[in-house]
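S.K.: Dropping a structure here in structure tokens format, bear with me for questions.
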Amino acid sequence: MSAQLIDGKAASAQVLAEVAADVALLKAEGIEPALAVVLVGDDPASHVYVRNKVLRAGEVGILSLEHRLPADTTAAAVLEVITALNADPAVHGILVQLPLPSHIDENLVLQAIDPRKDVDGFHSENVGGLSQGRAVLTPCTPAGCMRLLRDTLGDLRGKHAVVIGRSNIVGKPMAALLLAADCTVTVLHSRSNKPQKLSGQADIVIAAVGRPRMIGADWIKPGAVVIDVGINRIEEDGRNRLVGDVDFDAVLPIAAAITPVPGGVGPMTIALLMQNTVTAARQQQSATSALAAAEESACPSVC
Ligand code: GUN
């Protein structure tokens, strides 16, 4: 048996086509969705991610505004940029690429973003909304994984899902989304006892540990669906390669379906970021229209 390959490129193309159609509708109403991307420092991987985000935005008709700041930028200067973007009605989404240089408190910066423009879904207001099942802007990578799972399995109710990793960006929001989809959820982390045993009982395994090929065949139940969030750069046979957190070759004959790396979760993250930008633009437009209507009824234009 060989697992079905879950094609993240094809799924992301579908999401991007939906987003492009929504962008066209917004533009017909006079709204140009705009995403501000803030990049601080010289991290090469972050530069690649930001370039890809800007490229995708252009492809679906979203205006992107890049703010590239040197590595020695102070936290106060980053906060100043965010304050200006929060106040700008032409900006609908704000993304601060992580990691930030170590002298900047990441949490301070993320909390400064207006939650309505927080297209990463990292602000505590959005995290709280997600944990209470009333999320509007959800973190892009877990949201992309959910889309792949629904495309592959349909109804997720009652499935036992194991999330390996408990980061704020992936593990925790992933667990919240699976719970909201009525899965039975187990979160494994570096202090878990017998993690292979627990993971080996799961119908769905989400690997988000950031360690190349850590999840081997002994972690996977025959017929499970495996989503590999890892993107690890390694040197192998004199070549630079991208590999996931899952030992792909070992798990392929066991799983029912698996995402490859690259070409699995990665493209979905960017597609869901574009979707969040459109959602944010639509929400802000509705809020502005509701405010204008309330003002008009309180004080009609004749007054
Ligand atoms: N760095 C790695 N993943 C992400 C992400 O999803 N959003 C942001 N802003 N930075 C990241």
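Note on naming: chains are A, B, ... as they come in the structure tokens, residues start from 1 per chain, ligands start from 1 in the order shown.
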With only C-alpha atoms and all ligand atoms counted and 10 Å as the cut-off, give the residues of chain A in contact with ligand 1, each with its shortest interatomic distance in Å and the pair that gives it, as a tab-separated table.

M.R.:
residue	atom	partner	partner_atom_place_in_ligand_line	distance
A:Val37	CA	ligand 1	9 (N)	8.5
A:Val38	CA	ligand 1	9 (N)	8.6
A:Leu39	CA	ligand 1	9 (N)	9.0
A:Ala45	CA	ligand 1	1 (N)	9.0
A:Ser46	CA	ligand 1	1 (N)	7.0
A:Tyr49	CA	ligand 1	1 (N)	8.0
A:Val50	CA	ligand 1	10 (N)	8.9
A:Ile94	CA	ligand 1	9 (N)	9.0
A:Leu95	CA	ligand 1	9 (N)	5.3
A:Val96	CA	ligand 1	9 (N)	4.8
A:Gln97	CA	ligand 1	9 (N)	3.8
A:Leu98	CA	ligand 1	10 (N)	3.8
A:Pro99	CA	ligand 1	1 (N)	5.9
A:Leu100	CA	ligand 1	10 (N)	8.8
A:Leu110	CA	ligand 1	9 (N)	9.1
A:Asp118	CA	ligand 1	9 (N)	9.6
A:Val119	CA	ligand 1	9 (N)	8.7
A:Asp120	CA	ligand 1	7 (N)	5.7
A:Gly121	CA	ligand 1	7 (N)	8.8
A:Phe122	CA	ligand 1	7 (N)	8.4
A:Pro139	CA	ligand 1	6 (O)	6.8
A:Cys140	CA	ligand 1	6 (O)	6.0
A:Thr141	CA	ligand 1	6 (O)	6.1
A:Pro142	CA	ligand 1	6 (O)	9.1
A:Ile169	CA	ligand 1	6 (O)	6.4
A:Val170	CA	ligand 1	6 (O)	8.1
A:Gly266	CA	ligand 1	3 (N)	9.8
A:Thr269	CA	ligand 1	6 (O)	6.9
A:Ile270	CA	ligand 1	6 (O)	8.4
A:Leu272	CA	ligand 1	6 (O)	9.9
A:Leu273	CA	ligand 1	6 (O)	8.4

S.K.: Could you write out, as a ChimeraX atom specification, all the residues of stretch 6-247 of chain A that DSSP marks as helix (DSSP H, G or I)?

M.R.: /A:8-28,44-60,75-87,106-112,115-117,124-131,140-153,171-180,195-199,217-219

S.K.: Save out the residues we just selected, C-alpha atoms, as a tab-separated table (two decimals), in the first residue's frame.

M.R.:
chain	number	residue	atom	x	y	z
A	8	GLY	CA	-1.05	21.35	-1.31
A	9	LYS	CA	-0.20	23.15	-4.53
A	10	ALA	CA	-3.50	22.18	-6.16
A	11	ALA	CA	-5.51	22.91	-3.00
A	12	SER	CA	-3.83	26.30	-2.57
A	13	ALA	CA	-4.53	27.16	-6.23
A	14	GLN	CA	-8.21	26.54	-5.52
A	15	VAL	CA	-8.17	28.75	-2.40
A	16	LEU	CA	-6.33	31.49	-4.33
A	17	ALA	CA	-8.91	31.33	-7.13
A	18	GLU	CA	-11.69	31.81	-4.54
A	19	VAL	CA	-9.75	34.72	-3.01
A	20	ALA	CA	-9.20	36.34	-6.43
A	21	ALA	CA	-12.97	36.19	-7.07
A	22	ASP	CA	-13.64	37.82	-3.66
A	23	VAL	CA	-11.03	40.52	-4.37
A	24	ALA	CA	-12.77	41.30	-7.67
A	25	LEU	CA	-16.10	41.69	-5.82
A	26	LEU	CA	-14.51	44.01	-3.24
A	27	LYS	CA	-12.91	46.11	-5.97
A	28	ALA	CA	-16.27	46.45	-7.72
A	44	PRO	CA	17.26	34.69	4.74
A	45	ALA	CA	14.29	32.34	5.21
A	46	SER	CA	12.07	35.26	6.29
A	47	HIS	CA	13.09	37.19	3.17
A	48	VAL	CA	12.04	34.22	1.00
A	49	TYR	CA	8.70	33.87	2.84
A	50	VAL	CA	7.95	37.59	2.51
A	51	ARG	CA	8.85	37.60	-1.18
A	52	ASN	CA	6.44	34.69	-1.75
A	53	LYS	CA	3.66	36.41	0.21
A	54	VAL	CA	4.08	39.61	-1.82
A	55	LEU	CA	4.10	37.64	-5.09
A	56	ARG	CA	0.90	35.75	-4.20
A	57	ALA	CA	-0.82	38.95	-3.10
A	58	GLY	CA	-0.09	40.50	-6.50
A	59	GLU	CA	-1.44	37.42	-8.29
A	60	VAL	CA	-4.83	37.63	-6.56
A	75	ALA	CA	11.12	47.97	19.34
A	76	ALA	CA	9.79	51.52	19.64
A	77	ALA	CA	10.41	52.14	15.93
A	78	VAL	CA	8.58	48.91	14.99
A	79	LEU	CA	5.67	49.92	17.23
A	80	GLU	CA	5.58	53.31	15.51
A	81	VAL	CA	5.20	51.61	12.12
A	82	ILE	CA	2.40	49.41	13.48
A	83	THR	CA	0.57	52.36	15.04
A	84	ALA	CA	0.61	54.14	11.68
A	85	LEU	CA	-0.64	51.03	9.85
A	86	ASN	CA	-3.40	50.51	12.44
A	87	ALA	CA	-4.61	54.07	11.83
A	106	GLU	CA	7.68	39.58	19.86
A	107	ASN	CA	4.61	39.50	22.07
A	108	LEU	CA	4.69	43.27	22.58
A	109	VAL	CA	4.73	43.79	18.81
A	110	LEU	CA	1.99	41.24	18.06
A	111	GLN	CA	-0.29	42.69	20.74
A	112	ALA	CA	0.14	46.16	19.21
A	115	PRO	CA	-6.98	42.65	16.11
A	116	ARG	CA	-9.23	43.47	13.13
A	117	LYS	CA	-6.10	43.74	10.94
A	124	SER	CA	-4.69	37.46	22.10
A	125	GLU	CA	-8.17	38.72	21.15
A	126	ASN	CA	-8.15	36.44	18.11
A	127	VAL	CA	-6.53	33.58	20.06
A	128	GLY	CA	-9.33	33.92	22.64
A	129	GLY	CA	-11.96	33.95	19.88
A	130	LEU	CA	-10.47	30.76	18.47
A	131	SER	CA	-10.45	28.97	21.81
A	140	CYS	CA	-2.88	30.58	8.51
A	141	THR	CA	-0.89	27.34	8.78
A	142	PRO	CA	-3.42	25.51	11.00
A	143	ALA	CA	-6.29	26.86	8.89
A	144	GLY	CA	-4.51	25.52	5.78
A	145	CYS	CA	-4.09	22.11	7.46
A	146	MET	CA	-7.82	22.04	8.25
A	147	ARG	CA	-8.67	22.73	4.64
A	148	LEU	CA	-6.40	19.85	3.51
A	149	LEU	CA	-7.95	17.53	6.10
A	150	ARG	CA	-11.51	18.40	5.06
A	151	ASP	CA	-10.63	17.98	1.36
A	152	THR	CA	-9.13	14.55	2.18
A	153	LEU	CA	-11.51	13.17	4.82
A	171	GLY	CA	0.36	23.43	17.68
A	172	LYS	CA	-2.04	25.27	19.99
A	173	PRO	CA	-4.28	26.85	17.31
A	174	MET	CA	-4.27	23.54	15.40
A	175	ALA	CA	-5.60	21.76	18.48
A	176	ALA	CA	-8.30	24.43	18.91
A	177	LEU	CA	-9.43	24.11	15.27
A	178	LEU	CA	-9.57	20.31	15.48
A	179	LEU	CA	-11.58	20.55	18.68
A	180	ALA	CA	-13.96	23.00	17.02
A	195	PRO	CA	4.49	9.75	22.48
A	196	GLN	CA	4.83	7.08	19.77
A	197	LYS	CA	2.21	4.94	21.51
A	198	LEU	CA	-0.29	7.81	21.68
A	199	SER	CA	0.43	9.01	18.15
A	217	ALA	CA	6.77	4.63	10.96
A	218	ASP	CA	6.41	3.66	14.65
A	219	TRP	CA	4.39	6.87	15.27

S.K.: Which residues are close to A:Thr184, i.e. within 12 Å by only C-alpha atoms, leaving aside same-chain residues fewer than 2 positions away? Reply as a list in words.

M.R.: Leu156, Arg157, Gly158, Lys159, His160, Ala161, Val162, Val163, Ala175, Ala176, Leu177, Leu178, Leu179, Ala180, Ala181, Asp182, Thr186, Val187, Gln201, Ala202, Asp203, Ile204 and Val205 of chain A

S.K.: Can I get the selection written as a short mmCIF file (atom, residue, chain, number, x, y, z; two decimals), in the first residue's frame, with N, CA, C and O atoms?

M.R.:
data_model
loop_
_atom_site.label_atom_id
_atom_site.label_comp_id
_atom_site.auth_asym_id
_atom_site.auth_seq_id
_atom_site.Cartn_x
_atom_site.Cartn_y
_atom_site.Cartn_z
N LEU A 156 -14.89 15.51 9.86
CA LEU A 156 -13.82 15.15 10.80
C LEU A 156 -14.37 14.73 12.17
O LEU A 156 -13.60 14.36 13.05
N ARG A 157 -15.68 14.79 12.33
CA ARG A 157 -16.28 14.54 13.65
C ARG A 157 -15.89 13.17 14.21
O ARG A 157 -15.97 12.16 13.51
N GLY A 158 -15.46 13.17 15.47
CA GLY A 158 -15.17 11.92 16.16
C GLY A 158 -13.80 11.32 15.85
O GLY A 158 -13.41 10.33 16.46
N LYS A 159 -13.07 11.94 14.91
CA LYS A 159 -11.73 11.41 14.61
C LYS A 159 -10.79 11.71 15.77
O LYS A 159 -10.88 12.77 16.40
N HIS A 160 -9.86 10.80 16.00
CA HIS A 160 -8.83 11.06 17.02
C HIS A 160 -7.64 11.72 16.32
O HIS A 160 -7.00 11.13 15.46
N ALA A 161 -7.40 12.98 16.68
CA ALA A 161 -6.31 13.74 16.07
C ALA A 161 -5.20 13.94 17.09
O ALA A 161 -5.46 14.33 18.22
N VAL A 162 -3.98 13.66 16.68
CA VAL A 162 -2.82 13.93 17.53
C VAL A 162 -2.01 15.07 16.90
O VAL A 162 -1.66 15.01 15.71
N VAL A 163 -1.78 16.11 17.70
CA VAL A 163 -0.95 17.23 17.25
C VAL A 163 0.39 17.08 17.96
O VAL A 163 0.43 17.02 19.19
N ALA A 175 -4.79 22.54 17.55
CA ALA A 175 -5.60 21.76 18.48
C ALA A 175 -6.98 22.40 18.65
O ALA A 175 -8.01 21.70 18.68
N ALA A 176 -7.01 23.74 18.74
CA ALA A 176 -8.30 24.43 18.91
C ALA A 176 -9.21 24.23 17.69
O ALA A 176 -10.42 24.02 17.83
N LEU A 177 -8.62 24.29 16.49
CA LEU A 177 -9.43 24.11 15.27
C LEU A 177 -9.96 22.68 15.16
O LEU A 177 -11.10 22.46 14.75
N LEU A 178 -9.13 21.71 15.53
CA LEU A 178 -9.57 20.31 15.48
C LEU A 178 -10.68 20.06 16.49
O LEU A 178 -11.65 19.35 16.20
N LEU A 179 -10.55 20.68 17.65
CA LEU A 179 -11.58 20.55 18.68
C LEU A 179 -12.89 21.16 18.19
O LEU A 179 -13.98 20.59 18.37
N ALA A 180 -12.77 22.33 17.55
CA ALA A 180 -13.96 23.00 17.02
C ALA A 180 -14.63 22.15 15.93
O ALA A 180 -15.83 22.28 15.68
N ALA A 181 -13.83 21.27 15.29
CA ALA A 181 -14.38 20.38 14.26
C ALA A 181 -14.85 19.06 14.87
O ALA A 181 -15.09 18.08 14.15
N ASP A 182 -14.96 19.02 16.22
CA ASP A 182 -15.46 17.83 16.94
C ASP A 182 -14.54 16.62 16.86
O ASP A 182 -15.00 15.47 16.91
N THR A 186 -5.42 15.10 21.04
CA THR A 186 -4.30 14.90 21.96
C THR A 186 -3.14 15.77 21.47
O THR A 186 -2.84 15.77 20.28
N VAL A 187 -2.54 16.52 22.39
CA VAL A 187 -1.37 17.33 22.02
C VAL A 187 -0.13 16.70 22.66
O VAL A 187 -0.09 16.52 23.88
N GLN A 201 -2.14 5.72 17.86
CA GLN A 201 -3.58 5.43 17.97
C GLN A 201 -4.41 6.41 17.14
O GLN A 201 -5.63 6.30 17.08
N ALA A 202 -3.75 7.40 16.53
CA ALA A 202 -4.50 8.52 15.93
C ALA A 202 -4.97 8.24 14.50
O ALA A 202 -4.28 7.58 13.72
N ASP A 203 -6.16 8.78 14.19
CA ASP A 203 -6.65 8.75 12.80
C ASP A 203 -5.98 9.86 11.99
O ASP A 203 -5.85 9.77 10.77
N ILE A 204 -5.62 10.94 12.70
CA ILE A 204 -5.00 12.12 12.05
C ILE A 204 -3.76 12.48 12.86
O ILE A 204 -3.83 12.58 14.09
N VAL A 205 -2.63 12.65 12.18
CA VAL A 205 -1.41 13.10 12.87
C VAL A 205 -0.95 14.40 12.22
O VAL A 205 -0.78 14.47 11.00
#

S.K.: Quick one: residues within 7 Å of A:Val40, only C-alpha atoms counted, chain neighbours fewer than 5 positions away excluded, as an NGL selection string?

M.R.: :A and (68-71 or 100)

S.K.: Write a file of the selected residues as an mmCIF file, in the first residue's frame, keeping all heavy atoms.

M.R.:
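Saved result, out28.cif, follows:
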data_model
loop_
_atom_site.group_PDB
_atom_site.id
_atom_site.type_symbol
_atom_site.label_atom_id
_atom_site.label_comp_id
_atom_site.auth_asym_id
_atom_site.auth_seq_id
_atom_site.Cartn_x
_atom_site.Cartn_y
_atom_site.Cartn_z
ATOM 1 N N ARG A 68 10.418 47.167 5.110
ATOM 2 C CA ARG A 68 11.643 46.418 5.439
ATOM 3 C C ARG A 68 12.503 47.295 6.338
ATOM 4 O O ARG A 68 12.869 48.408 5.945
ATOM 5 C CB ARG A 68 12.402 46.063 4.167
ATOM 6 C CG ARG A 68 11.677 45.014 3.345
ATOM 7 C CD ARG A 68 12.331 44.790 1.992
ATOM 8 N NE ARG A 68 11.551 43.860 1.209
ATOM 9 C CZ ARG A 68 11.812 42.565 1.109
ATOM 10 N NH1 ARG A 68 12.853 42.050 1.741
ATOM 11 N NH2 ARG A 68 11.042 41.778 0.379
ATOM 12 N N LEU A 69 12.803 46.784 7.525
ATOM 13 C CA LEU A 69 13.543 47.576 8.511
ATOM 14 C C LEU A 69 14.852 46.860 8.843
ATOM 15 O O LEU A 69 14.896 45.622 8.874
ATOM 16 C CB LEU A 69 12.705 47.738 9.785
ATOM 17 C CG LEU A 69 11.285 48.324 9.582
ATOM 18 C CD1 LEU A 69 10.475 48.237 10.866
ATOM 19 C CD2 LEU A 69 11.380 49.769 9.120
ATOM 20 N N PRO A 70 15.921 47.631 9.120
ATOM 21 C CA PRO A 70 17.211 46.993 9.427
ATOM 22 C C PRO A 70 17.173 46.219 10.754
ATOM 23 O O PRO A 70 16.313 46.475 11.608
ATOM 24 C CB PRO A 70 18.189 48.168 9.510
ATOM 25 C CG PRO A 70 17.367 49.393 9.618
ATOM 26 C CD PRO A 70 16.004 49.098 9.078
ATOM 27 N N ALA A 71 18.124 45.290 10.905
ATOM 28 C CA ALA A 71 18.145 44.383 12.072
ATOM 29 C C ALA A 71 18.278 45.132 13.393
ATOM 30 O O ALA A 71 17.847 44.636 14.430
ATOM 31 C CB ALA A 71 19.285 43.387 11.920
ATOM 32 N N LEU A 100 11.400 37.870 15.020
ATOM 33 C CA LEU A 100 11.971 39.211 15.078
ATOM 34 C C LEU A 100 13.372 39.098 15.687
ATOM 35 O O LEU A 100 13.663 38.132 16.400
ATOM 36 C CB LEU A 100 11.086 40.099 15.952
ATOM 37 C CG LEU A 100 9.748 40.514 15.330
ATOM 38 C CD1 LEU A 100 8.839 41.146 16.388
ATOM 39 C CD2 LEU A 100 9.949 41.469 14.162
#

S.K.: Between atom CA of A:Arg282 and atom CA of A:Ile31, measure the distance and give it in Å to one decimal.

M.R.: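 Separation of atom CA of A:Arg282 and atom CA of A:Ile31: 8.7 Å.
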
S.K.: Quick one, how far is atom CA of A:Thr138 from atom CA of A:Pro267?

M.R.: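 Atom CA of A:Pro267 lies at a distance of 16.4 Å from atom CA of A:Thr138.
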
S.K.: DSSP on the backbone, strand (DSSP E) only: what residues of stretch 110-235 of chain A does that give? Format it as a PyMOL selection string.

M.R.: chain A and resi 160-164+184-188+204-207+225-228+232-235

S.K.: Each residue of stretch 68-114 of chain A with at least one atom at most 10 Å from stretch 284-292 of chain A should appear once, together with its nearest atom pair and the corresponding distance in Å (one decimal); atoms considered: only C-alpha atoms; ordering: chain, then increasing residue number; output as JSON lines.

M.R.:
{"residue": "A:Pro89", "atom": "CA", "partner": "A:Gln284", "partner_atom": "CA", "distance": 8.7}
{"residue": "A:Val91", "atom": "CA", "partner": "A:Gln284", "partner_atom": "CA", "distance": 9.9}
{"residue": "A:His92", "atom": "CA", "partner": "A:Gln284", "partner_atom": "CA", "distance": 7.3}

S.K.: Could you list, as a VMD selection string, every residue within 8 Å of A:Ala90, counting only C-alpha atoms and ignoring same-chain residues fewer than 4 positions away?

M.R.: chain A and resid 32 to 34
